[in-house]
file target-v3.txt (compact mmCIF, C-alpha atoms)
# COMPACT_ATOMS: atom_id res chain seq x y z
CA GLU A 1 15.82 -15.77 -8.34
CA GLU A 2 17.10 -12.76 -10.18
CA ALA A 3 16.31 -9.33 -8.73
CA SER A 4 14.16 -7.00 -10.79
CA ASP A 5 12.96 -3.43 -10.52
CA TRP A 6 9.28 -2.49 -10.60
CA ILE A 7 7.77 0.99 -10.63
CA LEU A 8 4.50 1.95 -9.00
CA HIS A 9 3.16 4.99 -10.85
CA GLU A 10 0.37 6.96 -9.14
CA ASN A 11 -2.23 8.59 -11.34
CA ILE A 12 -2.48 11.96 -9.60
CA MET A 13 -5.24 13.06 -12.00
CA SER A 14 -7.63 10.26 -10.96
CA ILE A 15 -10.94 11.07 -9.28
CA THR A 16 -10.10 9.03 -6.16
CA GLY A 17 -6.41 9.90 -6.00
CA SER A 18 -5.67 6.22 -5.36
CA ASP A 19 -5.44 4.84 -8.91
CA PHE A 20 -2.02 3.53 -9.96
CA SER A 21 -0.18 1.20 -12.33
CA VAL A 22 2.78 -1.11 -11.77
CA LYS A 23 5.41 -1.32 -14.51
CA ASP A 24 8.19 -3.85 -14.94
CA GLN A 25 11.84 -2.95 -15.56
CA ASN A 26 11.08 -2.57 -19.30
CA GLY A 27 8.37 0.02 -18.64
CA ASP A 28 5.52 -2.35 -19.56
CA VAL A 29 2.38 -1.95 -17.43
CA LYS A 30 1.75 -5.27 -15.67
CA LEU A 31 -0.87 -4.26 -13.07
CA LYS A 32 -3.38 -1.45 -12.86
CA ALA A 33 -5.41 -0.43 -9.85
CA ASN A 34 -8.72 1.35 -9.54
CA ALA A 35 -10.04 2.67 -6.25
CA ALA A 36 -13.75 2.52 -5.50
CA ILE A 37 -15.30 5.99 -5.69
CA PHE A 38 -18.39 5.49 -3.54
CA SER A 39 -17.99 2.74 -0.97
CA ILE A 40 -18.48 2.36 2.78
CA ARG A 41 -14.91 1.16 3.20
CA ASP A 42 -11.80 1.86 1.15
CA SER A 43 -11.36 -0.59 -1.68
CA ILE A 44 -8.78 -0.89 -4.47
CA GLN A 45 -9.13 -3.48 -7.22
CA VAL A 46 -5.86 -4.59 -8.86
CA LEU A 47 -6.18 -5.94 -12.40
CA ASP A 48 -3.90 -7.76 -14.82
CA ALA A 49 -3.04 -5.06 -17.39
CA GLU A 50 -3.25 -7.46 -20.35
CA THR A 51 -6.46 -9.33 -19.52
CA ASP A 52 -8.29 -6.91 -17.17
CA GLU A 53 -8.88 -9.88 -14.87
CA GLU A 54 -8.86 -9.31 -11.11
CA VAL A 55 -5.55 -10.20 -9.45
CA PHE A 56 -6.84 -9.16 -6.02
CA THR A 57 -8.88 -6.52 -4.22
CA LEU A 58 -7.61 -4.67 -1.16
CA LYS A 59 -10.40 -3.73 1.28
CA ALA A 60 -10.23 -1.77 4.52
CA GLY A 61 -11.68 -3.52 7.55
CA LEU A 62 -14.41 -1.97 9.68
CA LEU A 63 -14.49 -1.64 13.46
CA ASN A 64 -10.89 -2.69 14.17
CA CYS A 65 -8.63 -1.34 16.94
CA LEU A 66 -5.89 -0.71 14.37
CA PRO A 67 -6.17 -0.11 10.62
CA THR A 68 -6.64 -3.52 9.03
CA TYR A 69 -6.83 -4.42 5.35
CA TYR A 70 -7.88 -7.62 3.63
CA VAL A 71 -6.45 -9.02 0.40
CA MET A 72 -9.37 -10.67 -1.37
CA ARG A 73 -9.77 -12.73 -4.51
CA ASP A 74 -13.05 -14.13 -5.82
CA GLY A 75 -14.77 -13.04 -2.59
CA GLU A 76 -12.35 -14.98 -0.36
CA THR A 77 -9.90 -13.36 2.08
CA LYS A 78 -6.41 -14.55 1.15
CA ALA A 79 -4.42 -12.36 3.58
CA THR A 80 -4.78 -9.76 6.35
CA ILE A 81 -2.53 -6.70 6.58
CA ARG A 82 -2.10 -4.94 9.91
CA LYS A 83 0.32 -2.51 11.55
CA ASP A 84 1.99 -3.47 14.82
CA ARG A 85 0.54 -1.43 17.68
CA MET A 86 3.92 -0.43 19.11
CA SER A 87 6.82 -0.45 16.69
CA ILE A 88 10.01 1.60 16.38
CA HIS A 89 10.39 0.47 12.75
CA LYS A 90 6.76 1.07 11.69
CA THR A 91 6.28 -2.67 11.21
CA ILE A 92 3.39 -3.94 9.12
CA ARG A 93 2.65 -7.67 8.99
CA VAL A 94 0.83 -9.73 6.39
CA TYR A 95 -0.98 -12.76 7.79
CA GLU A 96 -2.45 -15.78 6.03
CA GLY A 97 -6.23 -15.71 5.49
CA GLU A 98 -8.68 -13.67 7.54
CA ALA A 99 -6.78 -13.21 10.78
CA SER A 100 -8.58 -12.35 14.01
CA PHE A 101 -6.68 -10.41 16.68
CA ASN A 102 -6.63 -10.25 20.46
CA PRO A 103 -7.73 -6.63 21.08
CA ILE A 104 -5.41 -6.19 24.07
CA PHE A 105 -2.17 -7.73 22.81
CA ASN A 106 -2.76 -7.41 19.03
CA THR A 107 -1.77 -11.07 18.54
CA THR A 108 -3.22 -13.70 16.22
CA GLN A 109 -2.96 -17.42 15.60
CA SER A 110 -2.64 -16.87 11.84
CA GLU A 111 0.73 -17.46 10.17
CA CYS A 112 2.79 -14.35 9.40
CA LEU A 113 3.66 -14.41 5.68
CA LEU A 114 5.62 -11.14 5.44
CA GLN A 115 6.80 -8.30 7.64
CA LEU A 116 7.53 -4.84 6.30
CA HIS A 117 9.88 -2.52 8.18
CA GLY A 118 9.60 1.15 7.20
CA GLY A 119 11.98 3.95 7.99
CA MET A 120 11.80 6.40 10.86
CA ILE A 121 9.98 9.71 10.29
CA LEU A 122 11.34 11.08 6.97
CA GLU A 123 12.95 7.98 5.47
CA ARG A 124 10.90 6.35 2.69
CA ASN A 125 12.62 2.96 2.50
CA THR A 126 10.91 -0.31 3.36
CA GLU A 127 12.55 -3.70 3.81
CA ILE A 128 10.35 -6.77 3.37
CA TYR A 129 11.10 -10.03 5.20
CA LYS A 130 9.73 -13.56 4.87
CA GLY A 131 7.40 -14.46 7.74
CA ASP A 132 8.88 -13.80 11.17
CA THR A 133 12.44 -14.38 9.94
CA ASP A 134 15.38 -12.10 9.14
CA GLU A 135 15.40 -13.29 5.49
CA LYS A 136 14.99 -10.15 3.35
CA VAL A 137 12.95 -10.89 0.21
CA ALA A 138 12.37 -7.37 -1.17
CA TYR A 139 13.18 -3.70 -0.78
CA SER A 140 11.13 -0.62 -1.63
CA HIS A 141 12.12 3.03 -2.03
CA GLU A 142 9.61 5.84 -2.41
CA LYS A 143 10.48 9.03 -4.24
CA ILE A 144 8.80 11.83 -2.32
CA PHE A 145 8.55 14.15 -5.32
CA ASP A 146 9.11 13.23 -8.93
CA LEU A 147 8.46 15.88 -11.59
CA GLY A 148 8.28 13.18 -14.26
CA GLY A 149 5.18 11.79 -12.54
CA LEU A 150 3.32 14.99 -13.29
CA VAL A 151 3.63 14.43 -17.04
CA GLY A 152 3.24 10.66 -17.10
CA ALA A 153 6.96 9.75 -17.04
CA ASP A 154 8.54 7.56 -14.33
call {"tool": "encode", "arguments": {"input": "target-v3.txt", "output": "structure tokens"}}
result
Amino acid sequence: EEASDWILHENIMSITGSDFSVKDQNGDVKLKANAAIFSIRDSIQVLDAETDEEVFTLKAGLLNCLPTYYVMRDGETKATIRKDRMSIHKTIRVYEGEASFNPIFNTTQSECLLQLHGGMILERNTEIYKGDTDEKVAYSHEKIFDLGGLVGAD
């Protein structure tokens, strides 16, 4: 597949501070996200920009040893996102379905779909790998401060 660039643009003027849009390399908005204002647990609904149909909802889990998030669609958990307890590379893993974890070892029987390796301390780069392999499938870079974002430019 051909590589492409996508831009996640945060709406800093939103009430929740967690609303954003995702634009393709042509600047067309493809996804838009709205955070729940009043909810017991954090929740962000991601919508198709053209149809306003739900693509997925990201919900924070309750009562977990480590921060855990669930990717949901039509009320069904499609994936579980969880940070490794001890990790030099700030590793986050995405597991298939609603994964349950051993509270002592932080292990699960669910298949690992992706692993994300973030930078150390000040670095804002993330490399994304397929499953538990060394096959890199994506790369992300975060701009810490972008003046254009303040006026709606990317």
call {"tool": "atom_distance", "arguments": {"input": "target-v3.txt", "atom1": "CA of Gln45 in chain A", "atom2": "CA of Ala60 in chain A"}}
result
11.9 Å
call {"tool": "residues_around", "arguments": {"input": "target-v3.txt", "residues": "Gly75 in chain A", "least_positions_apart": "4", "cutoff": "10 Å", "atoms": "only C-alpha atoms", "output": "ChimeraX atom specification"}}
result
/A:56-57,71
call {"tool": "atom_distance", "arguments": {"input": "target-v3.txt", "atom1": "CA of Lys83 in chain A", "atom2": "CA of Phe101 in chain A"}}
result
11.7 Å
call {"tool": "residues_around", "arguments": {"input": "target-v3.txt", "residues": "Met72 in chain A", "least_positions_apart": "6", "cutoff": "10 Å", "atoms": "all atoms listed in the file", "output": "PyMOL selection string"}}
result
chain A and resi 45+54-59+78-80+97-98
call {"tool": "write_last_selection", "arguments": {"input": "target-v3.txt", "atoms": "C-alpha atoms", "output": "PDB file, in the coordinates of the input"}}
result
ATOM      1  CA  GLN A  45      -9.130  -3.480  -7.220  1.00  0.00           C
ATOM      2  CA  GLU A  54      -8.860  -9.310 -11.110  1.00  0.00           C
ATOM      3  CA  VAL A  55      -5.550 -10.200  -9.450  1.00  0.00           C
ATOM      4  CA  PHE A  56      -6.840  -9.160  -6.020  1.00  0.00           C
ATOM      5  CA  THR A  57      -8.880  -6.520  -4.220  1.00  0.00           C
ATOM      6  CA  LEU A  58      -7.610  -4.670  -1.160  1.00  0.00           C
ATOM      7  CA  LYS A  59     -10.400  -3.730   1.280  1.00  0.00           C
ATOM      8  CA  LYS A  78      -6.410 -14.550   1.150  1.00  0.00           C
ATOM      9  CA  ALA A  79      -4.420 -12.360   3.580  1.00  0.00           C
ATOM     10  CA  THR A  80      -4.780  -9.760   6.350  1.00  0.00           C
ATOM     11  CA  GLY A  97      -6.230 -15.710   5.490  1.00  0.00           C
ATOM     12  CA  GLU A  98      -8.680 -13.670   7.540  1.00  0.00           C
TER      13      GLU A  98
END
call {"tool": "atom_distance", "arguments": {"input": "target-v3.txt", "atom1": "CA of Leu114 in chain A", "atom2": "CA of Ala35 in chain A"}}
result
23.9 Å
call {"tool": "closest_residue", "arguments": {"input": "target-v3.txt", "among": "A:Val137, A:Glu53, A:Asp42, A:Met86", "to": "Thr68 in chain A", "atoms": "only C-alpha atoms"}}
result
A:Asp42
call {"tool": "closest_residue", "arguments": {"input": "target-v3.txt", "among": "A:Arg73, A:Arg93, A:His141, A:Arg124", "to": "Ile7 in chain A", "atoms": "all atoms listed in the file"}}
result
A:His141
call {"tool": "residues_around", "arguments": {"input": "target-v3.txt", "residues": "Thr133 in chain A", "least_positions_apart": "6", "cutoff": "10 Å", "atoms": "only C-alpha atoms", "output": "list of chain:residue names"}}
result
A:Cys112, A:Leu113, A:Leu114, A:Gln115
call {"tool": "closest_residue", "arguments": {"input": "target-v3.txt", "among": "A:Tyr139, A:Asn106, A:Glu2, A:Lys30", "to": "Arg85 in chain A", "atoms": "all atoms listed in the file"}}
result
A:Asn106
call {"tool": "residues_around", "arguments": {"input": "target-v3.txt", "residues": "range 47-52 of chain A", "least_positions_apart": "3", "cutoff": "10 Å", "atoms": "all atoms listed in the file", "output": "CSV table (one decimal) with C-alpha atoms, in the frame of the given file"}}
result
chain,number,residue,atom,x,y,z
A,21,SER,CA,-0.2,1.2,-12.3
A,22,VAL,CA,2.8,-1.1,-11.8
A,23,LYS,CA,5.4,-1.3,-14.5
A,28,ASP,CA,5.5,-2.4,-19.6
A,29,VAL,CA,2.4,-2.0,-17.4
A,30,LYS,CA,1.8,-5.3,-15.7
A,31,LEU,CA,-0.9,-4.3,-13.1
A,32,LYS,CA,-3.4,-1.4,-12.9
A,33,ALA,CA,-5.4,-0.4,-9.8
A,34,ASN,CA,-8.7,1.4,-9.5
A,44,ILE,CA,-8.8,-0.9,-4.5
A,55,VAL,CA,-5.6,-10.2,-9.4
A,56,PHE,CA,-6.8,-9.2,-6.0
A,57,THR,CA,-8.9,-6.5,-4.2
call {"tool": "closest_residue", "arguments": {"input": "target-v3.txt", "among": "A:Val46, A:Ile81, A:Glu127, A:Glu135", "to": "Ser110 in chain A", "atoms": "all atoms listed in the file"}}
result
A:Ile81
